[in-house]
Amino acid sequence: MKLSLIVILIFLVLGGCTRSDNLRIRALAPMQEQSGADNLVSSEKSSGAITSSGIRTTGRSYSVVFSGLSVGFTEISTDRSIRSKVGNDVILDEFFTTNAKYNELGVMFGDEFTFALGVGGLVSGSGEIKLDYGSSLNAAVNEETIRTTSPSGNSAFFTFGYDLQPFEILAGWRWNNFKASLVSSNSSLEALSNGGSLSYPSKSFSRQTTQVTAGIGISF
């Protein structure tokens, strides 16, 4: 997110918006995730016959809130598998994994019923694609792993809370963006792409996800 948004959030806090002076420690986890098509590699032979075995996401968010200012971080790991087929013949199996950590800053309004929103930036991350090639591709190897470099990204979130003293019930929503480049030089993937059997974004890719979150907090 742009730095100007962070500056605006800080200004709202310092400007005296209604907020609780309680110290709060919060923990949230993703309950459900949605994303667009996650196949980074596509087969010219599959003619759109792509199936997914689903997505598995684990993660955690921790934050400290005081005088309306929220400071914290979020760690997310996501796995997804994609299969490209022609009839009963498997052309390509793709297993995609990302790990990301975002530092986040936000503001919170309210006391018993609260609403917090904020933004963050990626501070560390990695990704890799494990590719299993079908025999029809005539690849030099049956499988290989392509890793990423130069990760970047950002995040945004909002959280609703109900303070039961000393505990809070939390529910929210967040958006995550992860960008990176694939290190594919001298790989079978590069050779198959040059030959026209496969295609992929050789320079970079961007993956956006949205998550429903839930958690608990402690109010002092």
# chains A, B, ... in the order shown; residues from 1 in each chain; ligands from 1
>>> select_by_dssp(residues="chain A", states="alpha helix (DSSP H)", output="ChimeraX atom specification")
/A:3-14,188-194
>>> write_last_selection(atoms="N, CA, C and O atoms", output="compact mmCIF listing (two decimals), in the first residue's frame")
# COMPACT_ATOMS: atom_id res chain seq x y z
N LEU A 3 2.48 4.79 0.97
CA LEU A 3 2.85 5.38 2.24
C LEU A 3 1.83 6.41 2.69
O LEU A 3 1.60 6.58 3.89
N SER A 4 1.19 7.09 1.73
CA SER A 4 0.21 8.13 2.09
C SER A 4 -0.95 7.56 2.89
O SER A 4 -1.49 8.24 3.77
N LEU A 5 -1.34 6.31 2.62
CA LEU A 5 -2.42 5.69 3.38
C LEU A 5 -2.02 5.50 4.84
O LEU A 5 -2.82 5.70 5.75
N ILE A 6 -0.77 5.08 5.06
CA ILE A 6 -0.29 4.90 6.42
C ILE A 6 -0.27 6.23 7.15
O ILE A 6 -0.66 6.33 8.32
N VAL A 7 0.17 7.27 6.47
CA VAL A 7 0.21 8.60 7.09
C VAL A 7 -1.20 9.05 7.48
O VAL A 7 -1.41 9.62 8.56
N ILE A 8 -2.18 8.78 6.64
CA ILE A 8 -3.57 9.16 6.94
C ILE A 8 -4.07 8.41 8.17
O ILE A 8 -4.73 8.99 9.04
N LEU A 9 -3.75 7.11 8.27
CA LEU A 9 -4.18 6.32 9.42
C LEU A 9 -3.58 6.88 10.71
O LEU A 9 -4.28 6.99 11.73
N ILE A 10 -2.31 7.22 10.69
CA ILE A 10 -1.67 7.80 11.88
C ILE A 10 -2.31 9.13 12.24
O ILE A 10 -2.54 9.44 13.41
N PHE A 11 -2.62 9.92 11.24
CA PHE A 11 -3.24 11.22 11.48
C PHE A 11 -4.60 11.07 12.16
O PHE A 11 -4.95 11.85 13.05
N LEU A 12 -5.37 10.05 11.76
CA LEU A 12 -6.67 9.82 12.38
C LEU A 12 -6.53 9.51 13.86
O LEU A 12 -7.33 9.95 14.69
N VAL A 13 -5.49 8.72 14.19
CA VAL A 13 -5.27 8.39 15.60
C VAL A 13 -4.89 9.63 16.38
O VAL A 13 -5.44 9.93 17.44
N LEU A 14 -3.90 10.37 15.90
CA LEU A 14 -3.40 11.54 16.61
C LEU A 14 -4.41 12.67 16.61
O LEU A 14 -4.33 13.57 17.45
N SER A 188 14.06 -27.43 -17.40
CA SER A 188 13.18 -28.09 -18.37
C SER A 188 11.97 -27.22 -18.67
O SER A 188 11.47 -27.20 -19.80
N LEU A 189 11.52 -26.48 -17.67
CA LEU A 189 10.40 -25.57 -17.88
C LEU A 189 10.72 -24.54 -18.95
O LEU A 189 9.92 -24.26 -19.84
N GLU A 190 11.92 -23.96 -18.87
CA GLU A 190 12.34 -22.98 -19.86
C GLU A 190 12.43 -23.62 -21.25
O GLU A 190 11.98 -23.03 -22.25
N ALA A 191 12.98 -24.83 -21.32
CA ALA A 191 13.11 -25.52 -22.61
C ALA A 191 11.74 -25.83 -23.21
O ALA A 191 11.52 -25.65 -24.42
N LEU A 192 10.82 -26.30 -22.39
CA LEU A 192 9.48 -26.62 -22.88
C LEU A 192 8.73 -25.36 -23.30
O LEU A 192 7.95 -25.37 -24.26
N SER A 193 8.98 -24.27 -22.58
CA SER A 193 8.36 -23.00 -22.95
C SER A 193 8.90 -22.50 -24.29
O SER A 193 8.14 -22.04 -25.15
N ASN A 194 10.21 -22.59 -24.47
CA ASN A 194 10.80 -22.16 -25.75
C ASN A 194 10.32 -23.02 -26.90
O ASN A 194 10.23 -22.56 -28.04
>>> closest_residue(among="A:Ser187, A:Gly120, A:Ile55, A:Ser206", to="A:Val141", atoms="only C-alpha atoms")
A:Ser187
>>> atom_distance(atom1="atom CA of A:Lys85", atom2="atom CA of A:Gly195")
19.0 Å
>>> closest_atom_pairs(of="stretch 92-142 of chain A", to="stretch 22-29 of chain A", cutoff="12 Å", atoms="only C-alpha atoms", output="Markdown table")
| residue | atom | partner | partner_atom | distance |
| --- | --- | --- | --- | --- |
| A:Met108 | CA | A:Arg24 | CA | 10.6 |
| A:Phe109 | CA | A:Asn22 | CA | 11.6 |
| A:Gly110 | CA | A:Asn22 | CA | 10.6 |
| A:Asp111 | CA | A:Asn22 | CA | 8.3 |
| A:Glu112 | CA | A:Asn22 | CA | 10.5 |
| A:Thr114 | CA | A:Arg24 | CA | 11.4 |
| A:Ala116 | CA | A:Arg26 | CA | 11.4 |
>>> select_by_dssp(residues="stretch 14-216 of chain A", states="strand (DSSP E)", output="PyMOL selection string")
chain A and resi 24-35+42-43+50-66+69-86+89-110+113-133+143-163+167-183+198-199+205-216
>>> closest_residue(among="A:Val183, A:Asp93, A:Thr57, A:Phe158", to="A:Glu143", atoms="only C-alpha atoms")
A:Asp93
>>> residues_around(residues="A:Thr78", least_positions_apart="6", cutoff="12 Å", atoms="only C-alpha atoms", output="ChimeraX atom specification")
/A:30,32-35,38,54-59,95-101,125-129,176,178,207-209,211
>>> closest_residue(among="A:Asn154, A:Thr159, A:Ile76, A:Leu137", to="A:Ser197", atoms="only C-alpha atoms")
A:Leu137
